[in-house]
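Trainee: As input, take entry24.tsv (TSV, C-alpha atoms):
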```
chain	number	residue	atom	x	y	z
V	608	MET	CA	110.75	127.68	103.68
V	609	ALA	CA	109.53	124.71	101.62
V	610	ALA	CA	111.79	123.34	98.88
V	611	PRO	CA	111.15	125.33	95.70
V	612	VAL	CA	109.31	123.87	92.70
V	613	ALA	CA	109.97	125.19	89.18
V	614	LEU	CA	108.08	124.41	85.98
V	615	ILE	CA	109.88	124.78	82.66
V	616	GLN	CA	107.64	124.79	79.59
V	617	GLY	CA	109.39	123.72	76.37
V	618	ALA	CA	112.04	121.76	78.27
V	619	SER	CA	113.23	119.13	75.79
V	620	ARG	CA	115.93	121.26	74.14
V	621	GLY	CA	117.54	124.67	73.87
V	622	LEU	CA	116.87	127.20	76.60
V	623	GLY	CA	114.20	125.09	78.30
V	624	PHE	CA	116.56	122.17	78.74
V	625	GLY	CA	119.24	124.61	79.92
V	626	PHE	CA	116.92	125.96	82.63
V	627	CYS	CA	116.26	122.41	83.87
V	628	LYS	CA	119.98	121.64	84.10
V	629	TYR	CA	120.78	124.94	85.82
V	630	ILE	CA	118.12	124.64	88.51
V	631	LEU	CA	118.91	121.00	89.27
V	632	LYS	CA	122.62	121.83	89.57
V	633	ASN	CA	122.43	125.14	91.44
V	634	LYS	CA	119.29	124.80	93.57
V	635	SER	CA	120.11	121.68	95.53
V	636	LEU	CA	116.67	121.28	97.12
V	637	ALA	CA	114.57	122.31	94.12
V	638	THR	CA	112.27	120.05	92.15
V	639	VAL	CA	111.76	120.70	88.43
V	640	VAL	CA	108.64	119.93	86.41
V	641	ALA	CA	109.72	119.74	82.75
V	642	THR	CA	107.06	119.87	80.05
V	643	CYS	CA	107.39	119.16	76.35
V	644	ARG	CA	105.27	117.97	73.44
V	645	ASN	CA	106.86	114.54	73.15
V	646	PRO	CA	108.48	113.19	76.34
V	647	ASP	CA	109.08	109.80	74.68
V	648	GLY	CA	111.36	111.46	72.14
V	649	ALA	CA	113.18	113.65	74.69
V	650	ALA	CA	116.19	111.42	75.30
V	651	GLU	CA	118.32	114.12	76.94
V	652	LEU	CA	115.53	115.02	79.31
V	653	ARG	CA	114.99	111.39	80.30
V	654	SER	CA	118.72	111.03	80.88
V	655	LEU	CA	118.72	114.15	83.08
V	656	ALA	CA	115.84	112.67	85.09
V	657	GLY	CA	117.92	109.56	85.64
V	658	GLN	CA	120.79	111.66	86.97
V	659	HIS	CA	118.52	113.40	89.48
V	660	PRO	CA	116.11	110.75	90.77
V	661	GLY	CA	113.02	112.19	92.40
V	662	ARG	CA	113.83	115.77	91.43
V	663	LEU	CA	112.68	115.95	87.80
V	664	MET	CA	109.11	115.21	86.70
V	665	VAL	CA	108.51	115.13	82.93
V	666	LEU	CA	104.99	115.89	81.67
V	667	ARG	CA	103.50	115.93	78.19
V	668	LEU	CA	102.27	119.42	77.28
V	669	ASP	CA	101.70	120.97	73.86
V	670	VAL	CA	101.36	124.67	74.54
V	671	ASN	CA	98.98	124.96	71.56
V	672	HIS	CA	96.42	122.71	73.29
V	673	GLU	CA	94.54	124.17	76.26
V	674	GLU	CA	93.48	120.70	77.43
V	675	ASP	CA	97.15	119.70	77.75
V	676	ILE	CA	97.85	122.78	79.87
V	677	ARG	CA	94.83	122.19	82.09
V	678	GLY	CA	95.77	118.53	82.57
V	679	ALA	CA	99.39	119.34	83.42
V	680	ALA	CA	98.26	121.92	85.98
V	681	GLU	CA	96.10	119.27	87.63
V	682	ARG	CA	99.06	116.87	87.78
V	683	VAL	CA	101.27	119.51	89.36
V	684	LYS	CA	98.54	120.43	91.85
V	685	GLU	CA	98.15	116.78	92.88
V	686	SER	CA	101.91	116.23	93.20
V	687	PHE	CA	103.05	119.50	94.79
V	688	GLY	CA	100.08	121.79	95.43
V	689	ARG	CA	102.16	124.85	94.55
V	690	LEU	CA	104.83	126.36	92.28
V	691	ASP	CA	107.57	128.95	92.81
V	692	LEU	CA	108.65	129.59	89.21
V	693	VAL	CA	107.19	129.11	85.73
V	694	VAL	CA	109.37	129.69	82.66
V	695	ASN	CA	107.65	129.78	79.26
V	696	SER	CA	110.52	129.05	76.91
V	697	SER	CA	109.12	127.33	73.82
V	698	ALA	CA	108.83	129.51	70.72
V	699	MET	CA	108.72	129.34	66.95
V	700	LEU	CA	110.12	131.82	64.43
V	701	HIS	CA	107.57	130.92	61.75
V	702	PRO	CA	106.08	127.65	60.48
V	703	SER	CA	108.43	127.89	57.47
V	704	GLY	CA	111.47	128.24	59.74
V	705	LYS	CA	112.27	131.69	58.36
V	706	GLY	CA	110.93	135.12	59.25
V	707	GLU	CA	109.07	137.08	56.57
V	708	THR	CA	111.27	139.61	54.79
V	709	SER	CA	108.36	141.45	53.12
V	710	LEU	CA	104.57	141.52	52.85
V	711	ARG	CA	104.81	139.01	49.98
V	712	ASP	CA	105.83	136.36	52.54
V	713	VAL	CA	102.96	137.07	54.96
V	714	SER	CA	100.17	134.50	55.32
V	715	ALA	CA	97.25	134.44	57.74
V	716	GLN	CA	98.05	130.88	58.79
V	717	GLY	CA	101.71	131.68	59.42
V	718	ILE	CA	100.77	134.59	61.69
V	719	ILE	CA	98.11	132.58	63.52
V	720	SER	CA	100.44	129.62	64.13
V	721	THR	CA	103.24	131.84	65.42
V	722	LEU	CA	100.93	133.83	67.70
V	723	THR	CA	99.35	130.64	69.05
V	724	THR	CA	102.69	129.21	70.16
V	725	ASN	CA	104.49	132.38	71.22
V	726	THR	CA	101.68	134.45	72.75
V	727	VAL	CA	98.49	132.52	73.39
V	728	GLY	CA	100.31	129.52	74.86
V	729	PRO	CA	102.18	131.43	77.59
V	730	LEU	CA	99.03	133.38	78.53
V	731	VAL	CA	96.97	130.20	78.87
V	732	MET	CA	99.84	128.73	80.92
V	733	ALA	CA	99.47	131.69	83.29
V	734	LYS	CA	95.72	131.09	83.51
V	735	TYR	CA	96.10	127.54	84.78
V	736	PHE	CA	99.35	127.75	86.74
V	737	SER	CA	98.96	131.14	88.50
V	738	PRO	CA	96.75	129.59	91.23
V	739	LEU	CA	99.68	127.31	92.07
V	740	LEU	CA	102.14	130.23	91.98
V	741	LEU	CA	99.92	132.09	94.45
V	742	LYS	CA	100.47	129.17	96.83
V	743	GLY	CA	104.25	129.14	96.30
V	744	SER	CA	106.86	129.68	98.96
V	745	GLY	CA	108.73	132.43	97.12
V	746	GLY	CA	111.74	130.20	96.57
V	747	PHE	CA	113.13	132.23	93.64
V	748	GLY	CA	114.08	135.90	93.50
V	749	GLN	CA	114.74	138.32	96.36
V	750	GLN	CA	112.29	138.81	99.20
V	751	PRO	CA	112.08	142.23	100.87
V	752	ALA	CA	111.66	142.41	104.64
V	753	GLU	CA	108.22	144.04	104.28
V	754	LYS	CA	105.70	141.21	104.14
V	755	ALA	CA	103.22	143.14	101.99
V	756	LYS	CA	105.83	143.33	99.21
V	757	GLN	CA	106.88	139.68	99.28
V	758	HIS	CA	106.06	137.42	96.35
V	759	SER	CA	105.01	133.78	96.29
V	760	GLY	CA	106.03	133.00	92.71
V	761	ILE	CA	107.52	134.25	89.46
V	762	ILE	CA	106.43	133.98	85.82
V	763	VAL	CA	109.19	134.37	83.22
V	764	ASN	CA	108.14	134.76	79.60
V	765	ILE	CA	111.03	134.39	77.18
V	766	THR	CA	110.73	137.32	74.78
V	767	ALA	CA	113.01	138.71	72.08
V	768	LYS	CA	114.55	142.10	71.41
V	769	VAL	CA	112.85	142.14	68.00
V	770	GLY	CA	109.53	142.23	69.88
V	771	SER	CA	110.36	145.73	71.11
V	772	ILE	CA	108.31	148.31	69.19
V	773	GLY	CA	110.61	151.13	70.28
V	774	ASP	CA	113.73	149.27	69.13
V	775	ASN	CA	112.37	148.22	65.71
V	776	GLY	CA	114.31	150.03	62.99
V	777	LEU	CA	114.64	147.23	60.44
V	778	GLY	CA	111.14	145.86	59.91
V	779	GLY	CA	110.47	142.36	58.57
V	780	TRP	CA	109.71	139.23	60.61
V	781	TYR	CA	106.06	140.25	60.93
V	782	SER	CA	104.77	137.14	62.70
V	783	TYR	CA	107.63	136.76	65.18
V	784	ARG	CA	107.89	140.46	66.05
V	785	MET	CA	104.12	140.74	66.53
V	786	SER	CA	103.98	137.59	68.67
V	787	LYS	CA	106.71	138.80	71.02
V	788	ALA	CA	105.30	142.35	71.24
V	789	ALA	CA	101.94	140.81	72.17
V	790	LEU	CA	103.65	138.50	74.67
V	791	ASN	CA	105.19	141.58	76.32
V	792	MET	CA	101.71	143.08	76.65
V	793	ALA	CA	100.51	139.85	78.23
V	794	THR	CA	103.41	140.03	80.70
V	795	ARG	CA	102.48	143.59	81.59
V	796	ASN	CA	98.81	142.73	82.06
V	797	LEU	CA	99.68	139.70	84.20
V	798	SER	CA	101.97	141.80	86.37
V	799	ILE	CA	99.11	144.19	87.12
V	800	GLU	CA	96.53	141.52	87.93
V	801	LEU	CA	98.88	139.25	89.89
V	802	GLY	CA	100.55	142.23	91.57
V	803	ARG	CA	97.26	143.16	93.25
V	804	SER	CA	96.99	139.81	95.00
V	805	ARG	CA	98.27	138.82	98.42
V	806	PRO	CA	100.68	137.16	98.07
V	807	LYS	CA	101.97	138.58	94.80
V	808	VAL	CA	103.38	136.97	91.65
V	809	VAL	CA	106.24	138.70	89.83
V	810	CYS	CA	105.87	138.64	86.01
V	811	VAL	CA	108.69	139.59	83.62
V	812	SER	CA	109.74	139.15	80.00
V	813	LEU	CA	113.40	138.16	79.49
V	814	HIS	CA	115.40	138.43	76.27
V	815	PRO	CA	118.05	135.68	76.10
V	816	GLY	CA	120.25	137.21	73.39
V	817	THR	CA	120.89	135.33	70.15
V	818	VAL	CA	121.20	131.73	71.27
V	819	ASN	CA	122.61	128.83	69.28
V	820	THR	CA	119.32	126.95	68.87
V	821	ASP	CA	117.25	125.61	65.99
V	822	LEU	CA	115.15	128.79	65.94
V	823	SER	CA	118.09	131.11	65.20
V	824	ARG	CA	120.28	128.71	63.18
V	825	PRO	CA	119.34	130.06	59.71
V	826	TYR	CA	120.70	133.47	60.75
V	827	HIS	CA	123.96	132.59	62.50
V	828	GLN	CA	126.13	133.92	59.67
V	829	ASN	CA	124.86	137.44	60.43
V	830	VAL	CA	125.69	137.29	64.15
V	831	PRO	CA	129.15	138.27	65.48
V	832	GLN	CA	130.78	135.28	67.19
V	833	ASP	CA	130.89	136.99	70.58
V	834	LYS	CA	127.13	137.69	70.35
V	835	LEU	CA	126.08	134.11	69.57
V	836	PHE	CA	125.46	132.51	72.96
V	837	SER	CA	125.31	128.90	74.00
V	838	ALA	CA	122.08	127.96	75.74
V	839	GLU	CA	124.09	127.37	78.92
V	840	HIS	CA	125.60	130.87	78.88
V	841	SER	CA	122.25	132.51	78.18
V	842	VAL	CA	120.51	130.57	80.96
V	843	ASN	CA	123.28	131.52	83.40
V	844	CYS	CA	122.68	135.19	82.55
V	845	LEU	CA	118.88	134.90	82.78
V	846	MET	CA	118.94	133.02	86.09
V	847	SER	CA	121.20	135.73	87.50
V	848	ILE	CA	118.38	138.15	86.71
V	849	VAL	CA	115.74	135.83	88.19
V	850	ASP	CA	117.76	135.71	91.41
V	851	THR	CA	117.38	139.50	91.78
V	852	LEU	CA	113.66	139.74	90.97
V	853	ASN	CA	111.17	141.25	93.39
V	854	ILE	CA	107.81	143.00	93.12
V	855	GLU	CA	109.54	146.32	92.30
V	856	LYS	CA	110.83	144.77	89.05
V	857	THR	CA	107.58	143.18	87.91
V	858	GLY	CA	105.89	144.06	84.62
V	859	LYS	CA	109.10	144.87	82.75
V	860	ALA	CA	111.29	143.36	80.05
V	861	TYR	CA	114.99	142.75	80.66
V	862	SER	CA	117.79	141.76	78.35
V	863	TRP	CA	120.25	138.95	79.16
V	864	ASP	CA	122.70	141.51	80.65
V	865	GLY	CA	120.11	142.90	83.08
V	866	THR	CA	119.37	146.12	81.20
V	867	GLU	CA	115.73	147.07	80.77
V	868	LEU	CA	114.28	146.67	77.27
V	869	PRO	CA	111.96	149.36	75.85
V	870	TRP	CA	108.47	148.17	74.97
```
Would you mind writing the file out in structure tokens?
Mentor:
Amino acid sequence: MAAPVALIQGASRGLGFGFCKYILKNKSLATVVATCRNPDGAAELRSLAGQHPGRLMVLRLDVNHEEDIRGAAERVKESFGRLDLVVNSSAMLHPSGKGETSLRDVSAQGIISTLTTNTVGPLVMAKYFSPLLLKGSGGFGQQPAEKAKQHSGIIVNITAKVGSIGDNGLGGWYSYRMSKAALNMATRNLSIELGRSRPKVVCVSLHPGTVNTDLSRPYHQNVPQDKLFSAEHSVNCLMSIVDTLNIEKTGKAYSWDGTELPW
């Protein structure tokens, strides 16, 4: 099997940076393509590249710009010709930094901006990178013995529990909840289309828990200490799930502990 290639979108900090570190440390032959809006300002990412010469490629990609995504896909195609894993990890809570608590806080531009980053971006990523995933070697997840059920690649969309319609009992956070619910629908749709192909691409949404990142920082006082995860701990949990993925698990949402999330 060829050495696996993973692409992490939103890799300069938080979960995305954690995925880069995990794969480089635990997948000794893997190469990581790390994308972010401003590679020149991503000092930690550049330092990580220096620690793993030849194994970490950093590309400029703003998920809100389709031309960036198309260009990055071309670069990856030229360099590797394939991918085994794509993780869409960048997200925004709201342009203001705080979720809406009532209709008074709702604005069309706030909703559009949040949906563009959290929903449209990952779907457009799938559009341009799925051809490379279809050429992957299946280097992540579990491969069944039956060839017809084997997968060539995996798409992971980082979702949130508050995007679950069935679990919503509190309301609020209109933009963020809607964007993650729509992202889950995109995941489901992708799993159907890319599950028909030969080879197949596994598509899942993963909820990382409440992670100590800039996105969740305004709300840390409401989170019990044992439920506020470091990015490293969350990534460890999520990669444990990725390691078990196969075509039987495609099209679903899973929480950090492996339990299935209701839509």
Trainee: Need to verify the contact set: region 700-711 of chain V, 8 Å, all atoms listed in the file, exclusion of same-chain residues closer than 4 positions in sequence. Can you return it as a list in words?
Mentor: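 Final neighbour list, sorted by chain and number: Gly717, Ile718, Ser720, Thr721, Gly779, Trp780, Tyr781, Ser782, Tyr783, Leu822 and Pro825 of chain V.
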Trainee: Mind checking which residues fall within 10 Å of Ser862 (chain V), counting only C-alpha atoms, ignoring those fewer than 3 positions away in the same chain, and posting them as JSON, numbers by chain?
Mentor: {"V": [766, 767, 768, 812, 813, 814, 815, 816, 844, 845, 848, 865, 866, 867, 868, 869]}
Trainee: So that I can see what lies close to Arg795 (chain V), please list as a PDB file with C-alpha atoms, in the frame of the given file the residues with an atom at most 9 Å from it, counting all atoms listed in the file and leaving out residues fewer than 6 positions away in the same chain.
Mentor:
```
ATOM      1  CA  CYS V 810     105.870 138.640  86.010  1.00  0.00           C
ATOM      2  CA  VAL V 811     108.690 139.590  83.620  1.00  0.00           C
ATOM      3  CA  SER V 812     109.740 139.150  80.000  1.00  0.00           C
ATOM      4  CA  THR V 857     107.580 143.180  87.910  1.00  0.00           C
ATOM      5  CA  GLY V 858     105.890 144.060  84.620  1.00  0.00           C
ATOM      6  CA  LYS V 859     109.100 144.870  82.750  1.00  0.00           C
ATOM      7  CA  ALA V 860     111.290 143.360  80.050  1.00  0.00           C
TER       8      ALA V 860
END
```
Trainee: Would you compute the distance between CA of Gln616 (chain V) and CA of Arg667 (chain V)? Give it in Å to one decimal.
Mentor: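 Interatomic distance, CA of Gln616 (chain V) to CA of Arg667 (chain V): 9.9 Å.
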Trainee: Would you pick out the contacts of Ala788 (chain V) at 9 Å or less, using only C-alpha atoms, so that residues sharing its chain but fewer than 4 positions from it are not included, and give the list as a list in words?
Mentor: Thr726, Thr766, Ala767, Val769, Gly770, Ser771, Ile772, Tyr783, Arg784, Met792, Ala793 and Trp870 of chain V
Trainee: Check the smallest atom-to-atom distance from each of V:Asn853, V:Asn775, V:Gln716, V:Thr642 to Val693 (chain V) using all atoms listed in the file, then report the winner.
Mentor: V:Thr642
Trainee: Mind checking which residues fall within 8 Å of region 743-759 of chain V, counting all atoms listed in the file, ignoring those fewer than 3 positions away in the same chain, and posting them as a ChimeraX atom specification?
Mentor: /V:608-612,689-692,739-740,805-809,849-854
Trainee: Return the single residue from V:Phe624, V:Phe836, V:Tyr861, V:Tyr629 that is closest to Asn791 (chain V), with distances computed using all atoms listed in the file.
Mentor: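 Answer, going by the shortest atom-to-atom distance: V:Tyr861.
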Trainee: So how many Å separate CA of Thr724 (chain V) and CA of Ser786 (chain V), to one decimal?
Mentor: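 Calculated distance between CA of Thr724 (chain V) and CA of Ser786 (chain V) is 8.6 Å.
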Trainee: Kindly indicate which residue among V:Val713, V:Leu790, V:Leu777, V:Ile615 lies nearest to Gly728 (chain V), using all atoms listed in the file for the distances.
Mentor: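 Going through V:Val713, V:Leu790, V:Leu777, V:Ile615 one by one, the smallest distance to Gly728 (chain V) is for V:Leu790.
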Trainee: If I take CA of Ala618 (chain V) and CA of Ile799 (chain V), how far is one from the other in Å, to one decimal?
Mentor: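 These two atoms are separated by 27.4 Å.
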Trainee: Could you check which of V:Ile676, V:Leu614, V:Cys643, V:Leu666 is closest to Ile762 (chain V), using all atoms listed in the file?
Mentor: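 Selected residue with least distance to Ile762 (chain V): V:Leu614.
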Trainee: Under the rule that only C-alpha atoms are counted, which of V:Leu655, V:Gly617, V:Leu622, V:Pro660 is the nearest residue to Met732 (chain V)?
Mentor: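 The answer is V:Gly617, which sits nearest to Met732 (chain V).
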Trainee: Which is closest to Arg662 (chain V) among V:Gly802, V:Glu681, V:Ala637, V:Ala649, if we use only C-alpha atoms?
Mentor: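 The answer is V:Ala637, which sits nearest to Arg662 (chain V).
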